[in-house]
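Just below is one structure, and these are the notes that go with it.
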Amino acid sequence: MYDIDTIRADFPILSREVNGKPLTYLDNGASAQKPKVVIDAITRAYAEEYSNVHRGLHFLSNLSTERYEAVRGTISKFLNTGDENTIVLNSGTTEGINLVAYGWAMPRFQPGDEIVLSVMEHHANIVPWHFLRERQGVVLKWVDVAADGSLDPQAVIDAIGPKTKLVAVTQCSNVLGTIVDVKSITQGAHAKGVPVLVDGSQGAVHMPVDVQDIGCDFYAITGHKLYGPTGSGAIYIRPERMAEMQPFLGGGDMIREVSKDRVIYNDPPMKFEAGTPGIVQIIGLGVALDYMMGLGLDNIASHEASLRAYAEQRFSGLNWLNIQGQAADKAAIFSFTMEGAAHPHDISTILDKRGVAVRAGHHCAGPLMDHLGVTATCRASFGLYNTTDEIDTLIDALELAHELFS
């Protein structure tokens with residue numbers, strides 16, 4: 001049974017007030033709150049167990065190494081990779097995608113080679129490819145979304161040409177909530193001999209993920225959106241692609257031997273994990289994923305689907321609110337603008353006075369903002385601990401904002 005009251009009690013911050021009102025936290029798309037088990041694990045790791053990993057034979061080093069390395073298996077289970085050695089631990093999706101750009105794409109791509117992207121990608125899945133455009137003459141090909149914010153998998157597949165070397169696409173839009181059929185895209189791309197990178201920053205939060213079923217070559221996740229610490233994350237890399245990669249960063253555990261005239265690299269995935277890692281952050285991420293899996297990923301998805309349906313019903317009564325993107329298959333993420341002179345920043349400020357936390361801005365999605373013809377939106381993004389009562393609080397606050405700007 002999905003007991004929302006018990007779950008909410010697991011998150012200490014949800015019991016606080018903001019501006020004299022109970023906190024209604026609807027900024028999960030930017031960063032989710034942390035359950036007490038994660039907070040306790042971080043405290044314990046620093047207070048009782050801390051040491052550097054991989055480099056010592058003493059008790060604390062062995063204990064830290066055991067805790068840290070166990071997370072690789074936890075992430076493998078969470079994504080159903082079938083092999084924990086396909087997991088590279090890092091600071092999040094941005095680092096993961098940059099690893100692919102520098103370690104796999106940069107040595108392989110030639111001027112005129114193409115990367116296919118959707119127009120709703122987050123900057124983390126755009127800027128690394130712009131580096132290749134600027135520095136190596138790589139061409140970025142953009143696929144638009146439909147009027148309802150959906151992305152046709154066939155449109156992505158049709159954009160693949162003889163010079164296409166990679167498709168890089170999100171599984172779930174951080175702005176529109178659109179869920180993308182990345183499995184069909186992967187199948188179509190692979191039929192044309194083209195690898196696929198999936199940005200799973202939002203997708204892995206809102207639905208069970210099976211990378212073996214998807215078949216993608218790369219799948220990146222970010223820990224702080226998965227109820228874990230900032231500075232934690234990972235990327236799944238197919239063994240065939242991993243064998244083709246060069247190291248991106250040098251130093252620390254990514255080497256086996258160094259002398260004056262040569263360097264011998266460690267085996268993957270350690271080959272791609274340079275320097276002292278975010279030990280405690282990764283340990284916290286493992287606890288967060290265990291927490292999610294303990295609740296049941298299907299149960300979380302079902303709860304969020306009910307929130308989405310209720311929010312859509314409540315939003316439908318606000319004819320002065322413009323919801324951006326209403327795809328049939330979407331997560332409980334809603335970006336909106338208000339008719340008239342109300343700027344999203346002003347709306348967000350008014351909502352904050354009522355204790356409602358939403359995000360306002362371009363959401364690191366410049367090309368999508370241009371496509372939608374707006375400079376900014378407000379975004380309410382729901383998580384596993386949100387309730388229909390909080391949706392009612394949001395609606396009440398929006399109605400107040402509309403009155404103030406009418």
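To be explicit about the labels: the chains of the structure tokens are called A, B, and onward in the order shown, and within each one the residues are counted from 1, while ligands get numbers from 1 in the order they are shown.
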
Practice task
Using backbone DSSP assignments, extract all strand (DSSP E) residues from stretch 42-285 of chain A; output them as an NGL selection string.
Solution key: :A and (87-90 or 114-118 or 139-143 or 164-170 or 196-199 or 218-222 or 233-237 or 255-258 or 263-265)

With C-alpha atoms retained, export the selected residues as a PDB file, in the first residue's frame.
ATOM      1  CA  ILE A  87      27.968   1.915 -14.720  1.00  0.00           C
ATOM      2  CA  VAL A  88      30.323   4.894 -14.526  1.00  0.00           C
ATOM      3  CA  LEU A  89      29.863   6.856 -11.307  1.00  0.00           C
ATOM      4  CA  ASN A  90      30.036  10.633 -11.566  1.00  0.00           C
ATOM      5  CA  GLU A 114      25.703  14.904 -37.606  1.00  0.00           C
ATOM      6  CA  ILE A 115      24.085  14.608 -34.195  1.00  0.00           C
ATOM      7  CA  VAL A 116      20.272  14.431 -34.090  1.00  0.00           C
ATOM      8  CA  LEU A 117      18.602  16.207 -31.161  1.00  0.00           C
ATOM      9  CA  SER A 118      15.054  17.079 -30.220  1.00  0.00           C
ATOM     10  CA  VAL A 139      26.388  19.506 -37.510  1.00  0.00           C
ATOM     11  CA  LEU A 140      23.423  19.550 -35.112  1.00  0.00           C
ATOM     12  CA  LYS A 141      20.109  18.446 -36.631  1.00  0.00           C
ATOM     13  CA  TRP A 142      16.986  19.451 -34.723  1.00  0.00           C
ATOM     14  CA  VAL A 143      13.649  17.640 -34.579  1.00  0.00           C
ATOM     15  CA  THR A 164      24.480  10.913 -38.608  1.00  0.00           C
ATOM     16  CA  LYS A 165      26.763   9.522 -35.924  1.00  0.00           C
ATOM     17  CA  LEU A 166      24.591   9.883 -32.813  1.00  0.00           C
ATOM     18  CA  VAL A 167      21.024  10.487 -31.646  1.00  0.00           C
ATOM     19  CA  ALA A 168      20.855  12.270 -28.279  1.00  0.00           C
ATOM     20  CA  VAL A 169      17.378  12.592 -26.792  1.00  0.00           C
ATOM     21  CA  THR A 170      15.639  13.012 -23.465  1.00  0.00           C
ATOM     22  CA  VAL A 196      21.634   6.510 -29.075  1.00  0.00           C
ATOM     23  CA  LEU A 197      22.243   8.522 -25.914  1.00  0.00           C
ATOM     24  CA  VAL A 198      19.281   8.976 -23.570  1.00  0.00           C
ATOM     25  CA  ASP A 199      19.134  11.788 -21.029  1.00  0.00           C
ATOM     26  CA  PHE A 218      24.207   5.537 -23.119  1.00  0.00           C
ATOM     27  CA  TYR A 219      21.756   6.407 -20.322  1.00  0.00           C
ATOM     28  CA  ALA A 220      22.575   9.220 -17.873  1.00  0.00           C
ATOM     29  CA  ILE A 221      21.001   9.915 -14.468  1.00  0.00           C
ATOM     30  CA  THR A 222      21.320  12.645 -11.840  1.00  0.00           C
ATOM     31  CA  GLY A 233      24.993  10.501 -10.585  1.00  0.00           C
ATOM     32  CA  ALA A 234      25.979   7.869 -13.089  1.00  0.00           C
ATOM     33  CA  ILE A 235      25.912   6.929 -16.734  1.00  0.00           C
ATOM     34  CA  TYR A 236      25.218   3.510 -18.207  1.00  0.00           C
ATOM     35  CA  ILE A 237      27.436   2.698 -21.181  1.00  0.00           C
ATOM     36  CA  ILE A 255      45.219   4.501 -14.039  1.00  0.00           C
ATOM     37  CA  ARG A 256      46.937   1.212 -13.287  1.00  0.00           C
ATOM     38  CA  GLU A 257      50.527   2.351 -13.784  1.00  0.00           C
ATOM     39  CA  VAL A 258      52.305   5.646 -14.481  1.00  0.00           C
ATOM     40  CA  VAL A 263      50.625   5.397 -18.671  1.00  0.00           C
ATOM     41  CA  ILE A 264      48.561   2.230 -18.408  1.00  0.00           C
ATOM     42  CA  TYR A 265      44.865   2.838 -17.833  1.00  0.00           C
TER      43      TYR A 265
END

Which residues of stretch 272-312 of chain A come within 12 Å of stretch 98-111 of chain A, and what is each one's closest atom pair and distance in Å (one decimal), counting only C-alpha atoms, sorted by chain and residue number, as a Markdown table?
| residue | atom | partner | partner_atom | distance |
| --- | --- | --- | --- | --- |
| A:Phe272 | CA | A:Leu99 | CA | 8.1 |
| A:Glu273 | CA | A:Leu99 | CA | 10.0 |
| A:Ala274 | CA | A:Leu99 | CA | 11.4 |

Handout entry: Within 6 Å of stretch 301-318 of chain A using only C-alpha atoms, minus same-chain residues under 4 positions, as a PyMOL selection string
Key = chain A and resi 206-207+332

Completion exercise
The residue from A:Cys172, A:Val18, A:Val209, A:Ala9 with the smallest atom-to-atom distance to A:Gly355, counting only C-alpha atoms, is A:Val18

Exercise for the section: Enumerate as a PyMOL selection string all residues of stretch 90-226 of chain A assigned to alpha helix (DSSP H) by DSSP on the backbone, naming them with the chain letters and numbers the document uses. Expected result: chain A and resi 93-100+127-136+153-158+182-191+203-206+211-214

Export C-alpha atoms of the chosen residues as a PDB file, in the first residue's frame?
ATOM      1  CA  THR A  93      24.013  13.805 -16.047  1.00  0.00           C
ATOM      2  CA  THR A  94      26.005  16.840 -17.164  1.00  0.00           C
ATOM      3  CA  GLU A  95      29.297  15.118 -16.416  1.00  0.00           C
ATOM      4  CA  GLY A  96      28.027  11.891 -17.949  1.00  0.00           C
ATOM      5  CA  ILE A  97      27.092  13.478 -21.262  1.00  0.00           C
ATOM      6  CA  ASN A  98      30.347  15.436 -21.353  1.00  0.00           C
ATOM      7  CA  LEU A  99      32.191  12.148 -20.832  1.00  0.00           C
ATOM      8  CA  VAL A 100      30.497  10.759 -23.939  1.00  0.00           C
ATOM      9  CA  VAL A 127      25.999  22.355 -24.941  1.00  0.00           C
ATOM     10  CA  PRO A 128      28.467  19.415 -25.116  1.00  0.00           C
ATOM     11  CA  TRP A 129      27.387  18.870 -28.730  1.00  0.00           C
ATOM     12  CA  HIS A 130      27.825  22.587 -29.454  1.00  0.00           C
ATOM     13  CA  PHE A 131      31.423  22.130 -28.321  1.00  0.00           C
ATOM     14  CA  LEU A 132      31.843  19.584 -31.118  1.00  0.00           C
ATOM     15  CA  ARG A 133      30.076  21.908 -33.544  1.00  0.00           C
ATOM     16  CA  GLU A 134      32.396  24.790 -32.667  1.00  0.00           C
ATOM     17  CA  ARG A 135      35.615  22.819 -32.468  1.00  0.00           C
ATOM     18  CA  GLN A 136      35.207  20.041 -35.018  1.00  0.00           C
ATOM     19  CA  PRO A 153       9.765   8.739 -32.765  1.00  0.00           C
ATOM     20  CA  GLN A 154       9.547   8.354 -36.531  1.00  0.00           C
ATOM     21  CA  ALA A 155      10.398  12.028 -37.003  1.00  0.00           C
ATOM     22  CA  VAL A 156      13.619  11.442 -35.082  1.00  0.00           C
ATOM     23  CA  ILE A 157      14.384   8.308 -37.076  1.00  0.00           C
ATOM     24  CA  ASP A 158      13.636  10.097 -40.361  1.00  0.00           C
ATOM     25  CA  VAL A 182      13.145   6.138 -26.591  1.00  0.00           C
ATOM     26  CA  LYS A 183      12.871   2.404 -27.244  1.00  0.00           C
ATOM     27  CA  SER A 184      11.364   2.955 -30.710  1.00  0.00           C
ATOM     28  CA  ILE A 185      13.929   5.666 -31.433  1.00  0.00           C
ATOM     29  CA  THR A 186      16.738   3.329 -30.410  1.00  0.00           C
ATOM     30  CA  GLN A 187      15.424   0.499 -32.530  1.00  0.00           C
ATOM     31  CA  GLY A 188      15.090   2.769 -35.563  1.00  0.00           C
ATOM     32  CA  ALA A 189      18.501   4.354 -35.049  1.00  0.00           C
ATOM     33  CA  HIS A 190      20.244   1.029 -34.542  1.00  0.00           C
ATOM     34  CA  ALA A 191      18.651  -0.267 -37.736  1.00  0.00           C
ATOM     35  CA  GLY A 203      12.764   9.800 -16.983  1.00  0.00           C
ATOM     36  CA  ALA A 204      14.391   7.701 -14.269  1.00  0.00           C
ATOM     37  CA  VAL A 205      12.554   9.766 -11.628  1.00  0.00           C
ATOM     38  CA  HIS A 206       9.055   9.185 -12.910  1.00  0.00           C
ATOM     39  CA  VAL A 211      18.044  -0.041 -20.330  1.00  0.00           C
ATOM     40  CA  GLN A 212      18.286  -3.577 -21.677  1.00  0.00           C
ATOM     41  CA  ASP A 213      14.743  -3.259 -22.980  1.00  0.00           C
ATOM     42  CA  ILE A 214      15.360   0.236 -24.349  1.00  0.00           C
TER      43      ILE A 214
END

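A straight line drawn from atom CA of A:Met245 to atom CA of A:Leu285 is 25.6 Å long.
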
Exercise for the section: Would you kindly return, as a PyMOL selection string, each protein, DNA or RNA residue with an atom no farther than 6 Å from any atom of stretch 29-39 of chain A, considering only C-alpha atoms and excluding same-chain residues fewer than 4 positions away? Expected result: chain A and resi 10-11+224-225+227+284+287-288+381

Problem - Surrounding residues of stretch 64-81 of chain A excluding itself and chain neighbours under 4 positions, 7 Å, only C-alpha atoms, as a list in words - result: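 Counting only C-alpha atoms, the residues come to Glu49, Tyr50, Ser51, Asn52, Val53, His54, Leu60, Ile87, Val209, Asp210, Val211, Gln212, Ile279, Ile282, Ile283 and Gly286 of chain A.
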
Next, dump the selected residues to file, keeping only C-alpha atoms, as a PDB file, in the first residue's frame.
ATOM      1  CA  GLU A  49      32.871   5.866   8.471  1.00  0.00           C
ATOM      2  CA  TYR A  50      34.709   8.457   6.428  1.00  0.00           C
ATOM      3  CA  SER A  51      37.936   7.703   4.607  1.00  0.00           C
ATOM      4  CA  ASN A  52      39.183   7.845   1.042  1.00  0.00           C
ATOM      5  CA  VAL A  53      38.292   4.850  -1.111  1.00  0.00           C
ATOM      6  CA  HIS A  54      40.398   2.315  -3.028  1.00  0.00           C
ATOM      7  CA  LEU A  60      37.793   2.811   7.491  1.00  0.00           C
ATOM      8  CA  ILE A  87      27.968   1.915 -14.720  1.00  0.00           C
ATOM      9  CA  VAL A 209      13.720   2.160 -16.477  1.00  0.00           C
ATOM     10  CA  ASP A 210      15.058  -0.951 -18.187  1.00  0.00           C
ATOM     11  CA  VAL A 211      18.044  -0.041 -20.330  1.00  0.00           C
ATOM     12  CA  GLN A 212      18.286  -3.577 -21.677  1.00  0.00           C
ATOM     13  CA  ILE A 279      32.311   9.307  -1.901  1.00  0.00           C
ATOM     14  CA  ILE A 282      27.440   8.406  -4.113  1.00  0.00           C
ATOM     15  CA  ILE A 283      26.749   6.507  -0.895  1.00  0.00           C
ATOM     16  CA  GLY A 286      22.597   4.396  -3.289  1.00  0.00           C
TER      17      GLY A 286
END

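Of the listed residues (A:Ser259, A:Met1, A:Pro247, A:Gln171), A:Gln171 comes nearest to A:Cys216; the distances count only C-alpha atoms.
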
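When atom CA of A:Pro344 is paired with atom CA of A:Asn19, their separation reads 19.5 Å.
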
Practice task
Tell me, in Å to one decimal, how far atom CA of A:Asn174 is from atom CA of A:Pro367.
Solution key: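 Interatomic distance, atom CA of A:Asn174 to atom CA of A:Pro367: 13.0 Å.
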